[in-house]
file query00.csv (CSV, C-alpha atoms and all ligand atoms)
chain,number,residue,atom,x,y,z
Z,1027,MET,CA,-1.9,15.3,-28.4
Z,1028,GLN,CA,-5.0,15.8,-26.3
Z,1029,THR,CA,-5.6,19.3,-25.0
Z,1030,LEU,CA,-6.2,19.8,-21.2
Z,1031,ASN,CA,-7.9,22.7,-19.4
Z,1032,ILE,CA,-7.7,22.9,-15.6
Z,1033,LEU,CA,-10.2,24.5,-13.3
Z,1034,GLY,CA,-8.6,24.7,-9.9
Z,1035,CYS,CA,-4.8,24.2,-10.3
Z,1036,GLY,CA,-3.2,24.0,-6.8
Z,1037,LYS,CA,-0.8,21.6,-5.3
Z,1038,LEU,CA,-2.1,18.5,-7.2
Z,1039,GLY,CA,-3.0,20.2,-10.4
Z,1040,ARG,CA,0.3,21.9,-11.0
Z,1041,THR,CA,2.3,18.8,-10.2
Z,1042,LEU,CA,0.4,16.5,-12.5
Z,1043,ALA,CA,0.3,19.2,-15.3
Z,1044,HIS,CA,4.0,19.7,-15.0
Z,1045,LEU,CA,4.6,15.9,-15.3
Z,1046,TRP,CA,2.2,15.6,-18.3
Z,1047,HIS,CA,3.7,18.6,-20.0
Z,1048,ARG,CA,7.2,17.2,-19.6
Z,1049,SER,CA,6.2,13.8,-20.9
Z,1050,ARG,CA,4.2,15.3,-23.7
Z,1051,GLN,CA,0.9,13.6,-22.6
Z,1052,PHE,CA,-1.3,16.7,-22.8
Z,1053,ASP,CA,-1.1,20.0,-24.5
Z,1054,ILE,CA,-1.8,22.2,-21.4
Z,1055,ARG,CA,-4.1,25.0,-22.5
Z,1056,GLN,CA,-6.0,27.1,-19.9
Z,1057,ILE,CA,-5.8,27.4,-16.2
Z,1058,LEU,CA,-8.6,29.0,-14.2
Z,1059,ASN,CA,-8.1,29.5,-10.4
Z,1060,ARG,CA,-10.0,31.7,-7.9
Z,1061,HIS,CA,-7.3,34.3,-8.1
Z,1062,SER,CA,-5.5,35.1,-11.3
Z,1063,GLU,CA,-2.2,35.5,-9.6
Z,1064,SER,CA,-2.4,31.9,-8.4
Z,1065,ALA,CA,-3.2,30.8,-12.0
Z,1066,HIS,CA,-0.2,32.6,-13.3
Z,1067,LYS,CA,2.0,31.0,-10.7
Z,1068,ALA,CA,0.6,27.6,-11.7
Z,1069,CYS,CA,1.5,28.2,-15.4
Z,1070,GLU,CA,5.0,29.2,-14.3
Z,1071,PHE,CA,5.4,26.0,-12.4
Z,1072,ILE,CA,4.0,23.8,-15.1
Z,1073,GLY,CA,6.1,25.6,-17.8
Z,1074,SER,CA,3.1,25.7,-20.0
Z,1075,GLY,CA,-0.6,26.8,-20.1
Z,1076,ARG,CA,-2.3,30.2,-20.1
Z,1077,ALA,CA,-3.8,31.7,-17.0
Z,1078,VAL,CA,-7.4,33.0,-17.5
Z,1079,GLY,CA,-9.1,35.3,-15.1
Z,1080,GLN,CA,-12.7,34.8,-16.2
Z,1081,TRP,CA,-15.0,32.0,-17.4
Z,1082,GLN,CA,-15.9,33.9,-20.6
Z,1083,GLN,CA,-12.2,33.6,-21.7
Z,1084,LEU,CA,-12.3,29.8,-21.6
Z,1085,GLN,CA,-12.1,27.8,-24.8
Z,1086,PRO,CA,-13.0,24.1,-25.4
Z,1087,ALA,CA,-10.5,21.3,-24.6
Z,1088,ASP,CA,-10.5,17.5,-25.1
Z,1089,VAL,CA,-10.0,16.9,-21.4
Z,1090,TRP,CA,-11.0,19.0,-18.3
Z,1091,LEU,CA,-9.5,18.5,-14.9
Z,1092,ILE,CA,-11.5,20.0,-12.0
Z,1093,GLY,CA,-8.7,20.1,-9.5
Z,1094,ALA,CA,-10.2,22.4,-7.0
Z,1095,ASN,CA,-10.8,21.4,-3.3
Z,1096,ASP,CA,-13.6,18.8,-2.9
Z,1097,GLY,CA,-16.2,21.3,-1.7
Z,1098,SER,CA,-16.0,23.3,-4.9
Z,1099,ILE,CA,-16.0,20.5,-7.5
Z,1100,SER,CA,-19.8,20.1,-7.9
Z,1101,GLU,CA,-20.3,23.9,-8.2
Z,1102,LEU,CA,-17.5,24.1,-10.8
Z,1103,ALA,CA,-19.0,21.2,-12.7
Z,1104,ARG,CA,-22.3,23.1,-12.7
Z,1105,GLN,CA,-20.6,26.4,-13.9
Z,1106,LEU,CA,-18.7,24.5,-16.6
Z,1107,ALA,CA,-22.0,22.8,-17.8
Z,1108,GLU,CA,-23.5,26.3,-18.1
Z,1109,THR,CA,-20.8,27.5,-20.4
Z,1110,GLY,CA,-21.7,24.9,-23.0
Z,1111,LEU,CA,-18.0,24.5,-23.8
Z,1112,VAL,CA,-17.9,20.8,-23.1
Z,1113,ARG,CA,-18.4,18.9,-26.3
Z,1114,GLN,CA,-19.6,15.3,-27.0
Z,1115,ASP,CA,-16.9,12.8,-25.9
Z,1116,ASP,CA,-14.8,15.4,-24.1
Z,1117,VAL,CA,-13.5,14.0,-20.8
Z,1118,VAL,CA,-14.1,15.7,-17.5
Z,1119,PHE,CA,-12.5,14.3,-14.3
Z,1120,HIS,CA,-11.6,15.2,-10.8
Z,1121,CYS,CA,-9.0,13.8,-8.4
Z,1122,SER,CA,-10.8,13.7,-5.1
Z,1123,GLY,CA,-10.5,10.5,-3.0
Z,1124,ALA,CA,-13.7,11.0,-1.1
Z,1125,LEU,CA,-16.1,11.8,-4.0
Z,1126,GLY,CA,-17.3,9.7,-7.0
Z,1127,SER,CA,-17.5,10.9,-10.5
Z,1128,ASN,CA,-21.2,11.4,-10.0
Z,1129,VAL,CA,-20.4,14.7,-8.3
Z,1130,LEU,CA,-19.8,15.9,-11.9
Z,1131,SER,CA,-23.4,15.0,-12.9
Z,1132,PRO,CA,-24.4,18.5,-14.0
Z,1133,LEU,CA,-22.2,17.7,-17.0
Z,1134,SER,CA,-24.0,14.4,-17.7
Z,1135,GLN,CA,-26.9,16.2,-19.5
Z,1136,GLY,CA,-24.6,16.4,-22.5
Z,1137,THR,CA,-22.5,13.5,-23.6
Z,1138,ALA,CA,-19.3,14.3,-21.7
Z,1139,LEU,CA,-17.4,11.3,-20.4
Z,1140,LEU,CA,-17.0,11.6,-16.6
Z,1141,ALA,CA,-14.4,10.0,-14.3
Z,1142,SER,CA,-12.4,10.4,-11.1
Z,1143,ILE,CA,-8.8,9.4,-10.5
Z,1144,HIS,CA,-7.4,9.8,-7.0
Z,1145,PRO,CA,-3.6,9.6,-6.6
Z,1146,VAL,CA,-2.7,8.0,-3.3
Z,1147,HIS,CA,0.1,10.6,-2.9
Z,1148,SER,CA,0.7,13.6,-0.7
Z,1149,PHE,CA,1.3,16.7,-2.8
Z,1150,ALA,CA,2.5,18.7,0.2
Z,1151,CYS,CA,5.8,19.7,-1.4
Z,1152,ALA,CA,5.6,20.2,-5.2
Z,1153,ASN,CA,9.3,19.6,-6.0
Z,1154,ASN,CA,9.4,16.4,-3.9
Z,1155,SER,CA,6.3,15.2,-5.8
Z,1156,LEU,CA,7.8,15.8,-9.2
Z,1157,THR,CA,10.6,13.5,-8.2
Z,1158,HIS,CA,8.6,10.9,-6.2
Z,1159,PHE,CA,5.2,10.8,-8.0
Z,1160,ALA,CA,6.2,7.8,-10.1
Z,1161,GLY,CA,5.2,4.6,-8.4
Z,1162,SER,CA,2.1,6.2,-6.7
Z,1163,TYR,CA,-1.2,4.3,-6.9
Z,1164,CYS,CA,-4.2,6.0,-8.4
Z,1165,ALA,CA,-7.7,4.8,-7.8
Z,1166,CYS,CA,-10.0,5.1,-10.8
Z,1167,GLU,CA,-13.7,5.0,-11.2
Z,1168,GLY,CA,-16.2,6.4,-13.7
Z,1169,ASN,CA,-17.0,6.1,-17.4
Z,1170,THR,CA,-15.0,3.3,-19.1
Z,1171,GLU,CA,-14.1,5.3,-22.2
Z,1172,ALA,CA,-13.0,8.3,-20.1
Z,1173,LEU,CA,-10.7,6.1,-18.1
Z,1174,ALA,CA,-9.3,4.5,-21.2
Z,1175,ARG,CA,-8.4,8.0,-22.4
Z,1176,LEU,CA,-6.9,9.1,-19.0
Z,1177,ARG,CA,-5.1,5.9,-18.0
Z,1178,PRO,CA,-2.3,6.2,-20.6
Z,1179,ALA,CA,-1.5,9.8,-19.3
Z,1180,PHE,CA,-1.2,8.5,-15.7
Z,1181,ASP,CA,0.8,5.4,-16.8
Z,1182,ALA,CA,3.2,7.6,-18.7
Z,1183,ILE,CA,4.1,9.5,-15.5
Z,1184,GLY,CA,4.7,6.3,-13.5
Z,1185,ALA,CA,1.3,5.9,-11.8
Z,1186,ARG,CA,-0.1,2.5,-11.0
Z,1187,THR,CA,-3.8,2.5,-11.5
Z,1188,LEU,CA,-6.4,0.4,-9.7
Z,1189,ASP,CA,-10.2,0.3,-9.9
Z,1190,ILE,CA,-12.4,1.5,-7.0
Z,1191,ASP,CA,-16.2,1.3,-6.6
Z,1192,SER,CA,-17.5,4.8,-6.0
Z,1193,HIS,CA,-19.6,3.6,-3.1
Z,1194,ASN,CA,-16.5,2.6,-1.2
Z,1195,LYS,CA,-14.6,5.9,-1.8
Z,1196,PRO,CA,-15.5,7.6,1.6
Z,1197,LEU,CA,-14.1,4.6,3.5
Z,1198,TYR,CA,-11.1,4.1,1.1
Z,1199,HIS,CA,-10.3,7.8,1.6
Z,1200,ALA,CA,-10.7,7.7,5.4
Z,1201,ALA,CA,-8.0,4.9,5.3
Z,1202,SER,CA,-5.7,7.2,3.3
Z,1203,VAL,CA,-6.4,10.1,5.6
Z,1204,MET,CA,-5.6,8.1,8.7
Z,1205,ALA,CA,-2.3,6.8,7.3
Z,1206,CYS,CA,-1.2,10.1,5.8
Z,1207,ASN,CA,-2.8,13.1,7.6
Z,1208,TYR,CA,-3.1,11.5,11.0
Z,1209,LEU,CA,0.5,10.3,10.8
Z,1210,VAL,CA,1.4,14.0,10.4
Z,1211,ALA,CA,-0.8,14.8,13.5
Z,1212,LEU,CA,0.8,12.0,15.4
Z,1213,MET,CA,4.3,13.2,14.6
Z,1214,ASP,CA,3.3,16.7,15.7
Z,1215,ALA,CA,2.1,15.2,19.0
Z,1216,SER,CA,5.3,13.2,19.4
Z,1217,LEU,CA,7.5,16.3,18.7
Z,1218,GLU,CA,5.5,18.3,21.3
Z,1219,CYS,CA,6.3,15.6,23.9
Z,1220,PHE,CA,10.0,15.6,23.0
Z,1221,GLU,CA,10.1,19.4,23.2
Z,1222,SER,CA,8.6,19.3,26.7
Z,1223,ALA,CA,11.1,16.6,27.6
Z,1224,GLY,CA,13.9,19.1,26.7
Z,1225,ILE,CA,14.8,17.7,23.3
Z,1226,GLU,CA,14.9,20.3,20.6
Z,1227,ALA,CA,12.9,20.0,17.4
Z,1228,ASP,CA,15.9,19.5,15.1
Z,1229,GLN,CA,17.3,16.7,17.3
Z,1230,ALA,CA,13.8,15.1,17.8
Z,1231,SER,CA,13.3,15.0,14.0
Z,1232,LYS,CA,16.6,13.2,13.5
Z,1233,LEU,CA,15.7,10.8,16.3
Z,1234,LEU,CA,12.3,10.1,14.9
Z,1235,LEU,CA,13.2,9.4,11.3
Z,1236,PRO,CA,14.9,6.0,11.7
Z,1237,LEU,CA,12.4,5.0,14.4
Z,1238,VAL,CA,9.4,5.8,12.2
Z,1239,SER,CA,10.9,4.4,9.0
Z,1240,GLN,CA,11.8,1.2,10.7
Z,1241,THR,CA,8.4,0.8,12.3
Z,1242,LEU,CA,6.6,1.4,9.0
Z,1243,THR,CA,8.8,-1.1,7.3
Z,1244,ASN,CA,8.2,-3.7,10.0
Z,1245,CYS,CA,4.5,-3.0,10.0
Z,1246,LEU,CA,3.9,-3.2,6.3
Z,1247,SER,CA,6.3,-6.0,5.5
Z,1248,SER,CA,4.8,-8.3,8.1
Z,1249,SER,CA,1.7,-7.0,10.0
Z,1250,PRO,CA,0.8,-4.4,12.6
Z,1251,ARG,CA,0.4,-7.2,15.2
Z,1252,GLU,CA,3.9,-8.5,14.6
Z,1253,ALA,CA,5.4,-5.0,14.4
Z,1254,LEU,CA,4.1,-4.0,17.8
Z,1255,THR,CA,6.6,-3.5,20.6
Z,1256,GLY,CA,6.5,-1.2,23.7
Z,1257,PRO,CA,4.9,-1.2,27.2
Z,1258,ILE,CA,1.3,-2.1,26.1
Z,1259,ALA,CA,2.6,-5.1,24.1
Z,1260,ARG,CA,4.6,-6.2,27.2
Z,1261,GLY,CA,1.6,-5.6,29.6
Z,1262,ASP,CA,3.7,-3.1,31.5
Z,1263,HIS,CA,1.0,-1.3,33.5
Z,1264,ALA,CA,3.3,0.8,35.7
Z,1265,THR,CA,5.1,2.4,32.7
Z,1266,VAL,CA,1.8,3.2,30.9
Z,1267,ALA,CA,0.4,4.7,34.2
Z,1268,ARG,CA,3.6,6.9,34.6
Z,1269,GLN,CA,3.4,8.1,31.0
Z,1270,LEU,CA,-0.3,8.9,31.2
Z,1271,GLU,CA,0.2,10.8,34.4
Z,1272,ALA,CA,3.0,12.9,32.8
Z,1273,LEU,CA,0.9,13.6,29.8
Z,1274,GLN,CA,-2.1,14.6,31.9
Z,1275,ARG,CA,0.1,17.1,33.7
Z,1276,HIS,CA,1.5,18.5,30.5
Z,1277,ASN,CA,-1.5,18.6,28.1
Z,1278,THR,CA,-4.8,16.8,28.6
Z,1279,HIS,CA,-5.5,16.6,24.9
Z,1280,LEU,CA,-2.3,14.6,24.4
Z,1281,ALA,CA,-3.3,12.4,27.3
Z,1282,GLU,CA,-6.6,11.7,25.5
Z,1283,LEU,CA,-4.8,10.9,22.2
Z,1284,TYR,CA,-2.5,8.6,24.1
Z,1285,GLN,CA,-5.5,6.8,25.6
Z,1286,THR,CA,-7.4,6.6,22.3
Z,1287,LEU,CA,-4.5,5.1,20.4
Z,1288,GLY,CA,-3.6,3.0,23.4
Z,1289,ARG,CA,-7.0,1.2,23.2
Z,1290,ARG,CA,-6.3,0.3,19.6
Z,1291,THR,CA,-2.8,-0.8,20.6
Z,1292,LEU,CA,-4.3,-2.9,23.4
Z,1293,THR,CA,-6.5,-4.7,20.9
Z,1294,LEU,CA,-3.5,-5.6,18.8
Z,1295,ALA,CA,-1.6,-6.8,21.9
Z,1296,ARG,CA,-4.5,-8.8,23.3
Z,1297,PRO,CA,-3.3,-12.3,22.2
Z,1298,LYS,CA,0.0,-11.8,24.1
Z,1299,LEU,CA,-1.6,-10.6,27.4
Z,1300,ASP,CA,-3.2,-12.6,30.2
Z,1301,ASP,CA,-6.6,-11.5,31.4
Z,1302,GLU,CA,-5.3,-9.7,34.5
Z,1303,ARG,CA,-2.8,-7.5,32.6
Z,1304,HIS,CA,-5.3,-6.8,29.9
Z,1305,THR,CA,-8.0,-5.7,32.3
Z,1306,ALA,CA,-5.6,-3.5,34.2
Z,1307,LEU,CA,-4.4,-1.7,31.1
Z,1308,LYS,CA,-7.9,-1.4,29.7
Z,1309,GLN,CA,-8.9,0.5,32.9
Z,1310,LEU,CA,-6.0,2.9,32.5
Z,1311,LEU,CA,-6.8,3.5,28.8
Z,1312,ASP,CA,-10.6,3.8,29.0
Z,1313,PRO,CA,-11.8,7.4,29.0
Z,1314,LEU,CA,-12.3,8.8,32.6
R,1401,LIG,N1,-3.0,17.7,-1.9
R,1401,LIG,C1,-3.0,16.4,-2.0
R,1401,LIG,O1,-2.0,15.7,-1.4
R,1401,LIG,C2,-4.0,15.6,-2.7
R,1401,LIG,C3,-3.8,14.2,-2.9
R,1401,LIG,C4,-4.8,13.5,-3.7
R,1401,LIG,C5,-5.9,14.1,-4.1
R,1401,LIG,N2,-6.1,15.5,-3.9
R,1401,LIG,C6,-7.3,16.1,-4.5
R,1401,LIG,O2,-6.9,17.1,-5.4
R,1401,LIG,C7,-7.9,18.2,-5.4
R,1401,LIG,C8,-7.1,19.5,-5.1
R,1401,LIG,O3,-6.4,19.4,-3.9
R,1401,LIG,P1,-5.1,20.4,-3.7
R,1401,LIG,O4,-4.5,19.9,-2.5
R,1401,LIG,O5,-4.4,20.5,-5.0
R,1401,LIG,O6,-5.9,21.8,-3.4
R,1401,LIG,P2,-5.2,23.2,-3.3
R,1401,LIG,O7,-3.7,23.2,-3.3
R,1401,LIG,O8,-6.0,23.9,-2.2
R,1401,LIG,O9,-5.7,23.9,-4.7
R,1401,LIG,C9,-7.0,24.1,-5.0
R,1401,LIG,C10,-7.0,25.0,-6.2
R,1401,LIG,O10,-8.3,25.2,-6.6
R,1401,LIG,C11,-8.6,26.6,-6.9
R,1401,LIG,N3,-10.0,26.8,-6.6
R,1401,LIG,C12,-10.7,26.6,-5.5
R,1401,LIG,N4,-12.0,26.9,-5.7
R,1401,LIG,C13,-12.1,27.4,-6.9
R,1401,LIG,C14,-13.1,28.0,-7.7
R,1401,LIG,N5,-14.4,28.1,-7.2
R,1401,LIG,N6,-12.9,28.4,-9.0
R,1401,LIG,C15,-11.6,28.2,-9.5
R,1401,LIG,N7,-10.6,27.7,-8.8
R,1401,LIG,C16,-10.8,27.3,-7.6
R,1401,LIG,C17,-7.7,27.3,-5.9
R,1401,LIG,O11,-7.5,28.6,-6.4
R,1401,LIG,P3,-6.6,29.7,-5.6
R,1401,LIG,O12,-5.2,29.3,-5.6
R,1401,LIG,O13,-6.8,31.0,-6.5
R,1401,LIG,O14,-7.2,29.8,-4.3
R,1401,LIG,C18,-6.5,26.4,-5.9
R,1401,LIG,O15,-5.5,26.8,-6.9
R,1401,LIG,C19,-8.9,17.8,-4.3
R,1401,LIG,O16,-10.0,17.2,-4.9
R,1401,LIG,C20,-8.1,16.9,-3.4
R,1401,LIG,O17,-9.0,16.0,-2.7
R,1401,LIG,C21,-5.2,16.2,-3.2
call {"tool": "encode", "arguments": {"input": "query00.csv", "output": "structure tokens"}}
result
Amino acid sequence: MQTLNILGCGKLGRTLAHLWHRSRQFDIRQILNRHSESAHKACEFIGSGRAVGQWQQLQPADVWLIGANDGSISELARQLAETGLVRQDDVVFHCSGALGSNVLSPLSQGTALLASIHPVHSFACANNSLTHFAGSYCACEGNTEALARLRPAFDAIGARTLDIDSHNKPLYHAASVMACNYLVALMDASLECFESAGIEADQASKLLLPLVSQTLTNCLSSSPREALTGPIARGDHATVARQLEALQRHNTHLAELYQTLGRRTLTLARPKLDDERHTALKQLLDPL
């Protein structure tokens, strides 16, 4: 079994390592985090591995995951290169969606095999991820041999891998961020409006779940254009004006968000609207 060390083992690292340990894909060896207490917690969650508090304690491994936040990956690669622990044909990879494997270039002086594999999965809740990771897509780029060594471990925990060109990663990641993180921000905005309308958070969440699930299903099983309903799709100027006025009274930031997303919605609705309705709605939704 290949050995695995992890530099930066947070939400993503501990979930993947737990799954790999359980499926006997890697022998999880050492975990180095910023804080040793956090590394100990990661080992506890994984059910394997040994927390190390200092770089000098690290030992070689066949595979290294740099699982720290994106801003620290290049510096950790540089520090790892300096230790001289990475041997010929050892694999070093990271899981960032925005960065290519070239961010690991301090390690390319030797003959380490470098790659990146980005799971299109939200690791917000570790226990949920243990149950639901299988079926997630993972975008791979980097050294062919490194990927040939890593893919079986991802396949074994149910990942579906696809190739991505490193030049396209910033746009590819922006797409994931909009669908995942901005959906969270949108739900937060919606919950705030419900609360101001006198509907409590618990009730509002129950109300949103079927609406959002149904909309997502319609949108992704047909197309956003076909899934679109509501006042903008109907060209209902008076309703949009009333909502915008209420939002401006309540919170101008929410009114701006409504207008920004409204302009994108109007583009989707354009084929259904005559010029007069379209122009009237556009005037409402354009920034003041
Ligand atoms: N979260 C997701 O849903 C998700 C999805 C796909 C890809 N990713 C990618 O996965 C990577 C990790 O994200 P995450 O959400 O797991 O981050 P996270 O939960 O914030 O964990 C980051 C870990 O890295 C450690 N760390 C940070 N700087 C370090 C340093 N200089 N030396 C040693 N350890 C360091 C932190 O240690 P401490 O705990 O001691 O602070 C922490 O344990 C990122 O590249 C991210 O883009 C994340």
call {"tool": "residues_around", "arguments": {"input": "query00.csv", "residues": "Z:Phe1071", "least_positions_apart": "6", "cutoff": "10 Å", "atoms": "only C-alpha atoms", "output": "list in words"}}
result
Arg1040, Thr1041, Ala1043, His1044, Ala1065, Ala1152 and Asn1153 of chain Z
call {"tool": "residues_near_ligand", "arguments": {"input": "query00.csv", "ligand": "ligand LIG 1401 (chain R)", "cutoff": "8 Å", "atoms": "all atoms listed in the file", "output": "NGL selection string"}}
result
:Z and (1033-1040 or 1058-1065 or 1068 or 1092-1096 or 1098-1099 or 1101-1102 or 1120-1124 or 1144-1150)
call {"tool": "atom_distance", "arguments": {"input": "query00.csv", "atom1": "atom CA of Z:Val1118", "atom2": "atom CA of Z:Ala1174"}}
result
12.7 Å
call {"tool": "atom_distance", "arguments": {"input": "query00.csv", "atom1": "atom CA of Z:Ala1215", "atom2": "atom CA of Z:Ala1200"}}
result
20.1 Å
call {"tool": "residues_around", "arguments": {"input": "query00.csv", "residues": "stretch 1296-1299 of chain Z", "least_positions_apart": "2", "cutoff": "12 Å", "atoms": "only C-alpha atoms", "output": "JSON, numbers by chain"}}
result
{"Z": [1251, 1252, 1254, 1255, 1257, 1258, 1259, 1260, 1261, 1262, 1263, 1288, 1289, 1290, 1291, 1292, 1293, 1294, 1301, 1302, 1303, 1304, 1305, 1306, 1307, 1308]}
call {"tool": "residues_around", "arguments": {"input": "query00.csv", "residues": "Z:Leu1310", "least_positions_apart": "4", "cutoff": "8 Å", "atoms": "all atoms listed in the file", "output": "list in words"}}
result
Val1266, Ala1267, Gln1285 and Ala1306 of chain Z
call {"tool": "closest_residue", "arguments": {"input": "query00.csv", "among": "Z:Asn1031, Z:Gln1085, Z:Gln1105, Z:Ser1074", "to": "Z:Arg1048", "atoms": "all atoms listed in the file"}}
result
Z:Ser1074
call {"tool": "residues_around", "arguments": {"input": "query00.csv", "residues": "Z:Val1089", "least_positions_apart": "6", "cutoff": "12 Å", "atoms": "all atoms listed in the file", "output": "PyMOL selection string"}}
result
chain Z and resi 1027-1033+1051-1056+1111-1120+1138-1141+1172-1173+1175-1176+1179
call {"tool": "closest_residue", "arguments": {"input": "query00.csv", "among": "Z:Gly1073, Z:Gly1126, Z:Gly1136, Z:Pro1178", "to": "Z:Leu1106", "atoms": "only C-alpha atoms"}}
result
Z:Gly1136
call {"tool": "atom_distance", "arguments": {"input": "query00.csv", "atom1": "atom CA of Z:Trp1081", "atom2": "atom CA of Z:Phe1180"}}
result
27.3 Å
call {"tool": "closest_residue", "arguments": {"input": "query00.csv", "among": "Z:Leu1130, Z:Glu1271, Z:Gly1256, Z:Ile1225", "to": "Z:Ala1295", "atoms": "only C-alpha atoms"}}
result
Z:Gly1256
call {"tool": "residues_around", "arguments": {"input": "query00.csv", "residues": "Z:Leu1273", "least_positions_apart": "5", "cutoff": "12 Å", "atoms": "only C-alpha atoms", "output": "list in words"}}
result
Ala1215, Ser1216, Glu1218, Cys1219, Phe1220, Ser1222, Ala1223, Val1266, Ala1267, Arg1268, Thr1278, His1279, Leu1280, Ala1281, Glu1282, Leu1283, Tyr1284 and Gln1285 of chain Z
call {"tool": "closest_residue", "arguments": {"input": "query00.csv", "among": "Z:Ala1103, Z:Leu1045, Z:His1066, Z:Asp1312", "to": "Z:His1158", "atoms": "all atoms listed in the file"}}
result
Z:Leu1045
call {"tool": "build_atoms", "arguments": {"input": "query00.csv", "residues": "stretch 1270-1282 of chain Z", "atoms": "N, CA, C and O atoms", "output": "PDB file, in the frame of the given file"}}
result
ATOM      1  N   LEU Z1270       1.019   8.225  31.250  1.00  0.00           N
ATOM      2  CA  LEU Z1270      -0.300   8.900  31.200  1.00  0.00           C
ATOM      3  C   LEU Z1270      -0.363  10.031  32.207  1.00  0.00           C
ATOM      4  O   LEU Z1270      -0.863  11.118  31.901  1.00  0.00           O
ATOM      5  N   GLU Z1271       0.200   9.791  33.371  1.00  0.00           N
ATOM      6  CA  GLU Z1271       0.200  10.800  34.400  1.00  0.00           C
ATOM      7  C   GLU Z1271       1.008  12.049  33.948  1.00  0.00           C
ATOM      8  O   GLU Z1271       0.578  13.189  34.102  1.00  0.00           O
ATOM      9  N   ALA Z1272       2.178  11.786  33.338  1.00  0.00           N
ATOM     10  CA  ALA Z1272       3.000  12.900  32.800  1.00  0.00           C
ATOM     11  C   ALA Z1272       2.280  13.676  31.760  1.00  0.00           C
ATOM     12  O   ALA Z1272       2.311  14.909  31.727  1.00  0.00           O
ATOM     13  N   LEU Z1273       1.594  12.958  30.877  1.00  0.00           N
ATOM     14  CA  LEU Z1273       0.900  13.600  29.800  1.00  0.00           C
ATOM     15  C   LEU Z1273      -0.303  14.438  30.353  1.00  0.00           C
ATOM     16  O   LEU Z1273      -0.583  15.544  29.891  1.00  0.00           O
ATOM     17  N   GLN Z1274      -0.993  13.885  31.355  1.00  0.00           N
ATOM     18  CA  GLN Z1274      -2.100  14.600  31.900  1.00  0.00           C
ATOM     19  C   GLN Z1274      -1.665  15.923  32.566  1.00  0.00           C
ATOM     20  O   GLN Z1274      -2.364  16.930  32.500  1.00  0.00           O
ATOM     21  N   ARG Z1275      -0.463  15.896  33.152  1.00  0.00           N
ATOM     22  CA  ARG Z1275       0.100  17.100  33.700  1.00  0.00           C
ATOM     23  C   ARG Z1275       0.456  18.127  32.655  1.00  0.00           C
ATOM     24  O   ARG Z1275       0.277  19.322  32.789  1.00  0.00           O
ATOM     25  N   HIS Z1276       0.962  17.593  31.514  1.00  0.00           N
ATOM     26  CA  HIS Z1276       1.500  18.500  30.500  1.00  0.00           C
ATOM     27  C   HIS Z1276       0.365  19.027  29.574  1.00  0.00           C
ATOM     28  O   HIS Z1276       0.294  20.234  29.318  1.00  0.00           O
ATOM     29  N   ASN Z1277      -0.505  18.134  29.088  1.00  0.00           N
ATOM     30  CA  ASN Z1277      -1.500  18.600  28.100  1.00  0.00           C
ATOM     31  C   ASN Z1277      -2.604  17.483  28.044  1.00  0.00           C
ATOM     32  O   ASN Z1277      -2.347  16.378  27.541  1.00  0.00           O
ATOM     33  N   THR Z1278      -3.789  17.806  28.534  1.00  0.00           N
ATOM     34  CA  THR Z1278      -4.800  16.800  28.600  1.00  0.00           C
ATOM     35  C   THR Z1278      -5.250  16.247  27.244  1.00  0.00           C
ATOM     36  O   THR Z1278      -5.659  15.088  27.117  1.00  0.00           O
ATOM     37  N   HIS Z1279      -5.135  17.092  26.208  1.00  0.00           N
ATOM     38  CA  HIS Z1279      -5.500  16.600  24.900  1.00  0.00           C
ATOM     39  C   HIS Z1279      -4.546  15.499  24.417  1.00  0.00           C
ATOM     40  O   HIS Z1279      -4.958  14.519  23.795  1.00  0.00           O
ATOM     41  N   LEU Z1280      -3.263  15.681  24.736  1.00  0.00           N
ATOM     42  CA  LEU Z1280      -2.300  14.600  24.400  1.00  0.00           C
ATOM     43  C   LEU Z1280      -2.552  13.374  25.178  1.00  0.00           C
ATOM     44  O   LEU Z1280      -2.396  12.260  24.669  1.00  0.00           O
ATOM     45  N   ALA Z1281      -2.983  13.537  26.435  1.00  0.00           N
ATOM     46  CA  ALA Z1281      -3.300  12.400  27.300  1.00  0.00           C
ATOM     47  C   ALA Z1281      -4.481  11.598  26.648  1.00  0.00           C
ATOM     48  O   ALA Z1281      -4.475  10.365  26.575  1.00  0.00           O
ATOM     49  N   GLU Z1282      -5.482  12.344  26.147  1.00  0.00           N
ATOM     50  CA  GLU Z1282      -6.600  11.700  25.500  1.00  0.00           C
ATOM     51  C   GLU Z1282      -6.219  10.934  24.254  1.00  0.00           C
ATOM     52  O   GLU Z1282      -6.684   9.827  23.980  1.00  0.00           O
TER      53      GLU Z1282
END
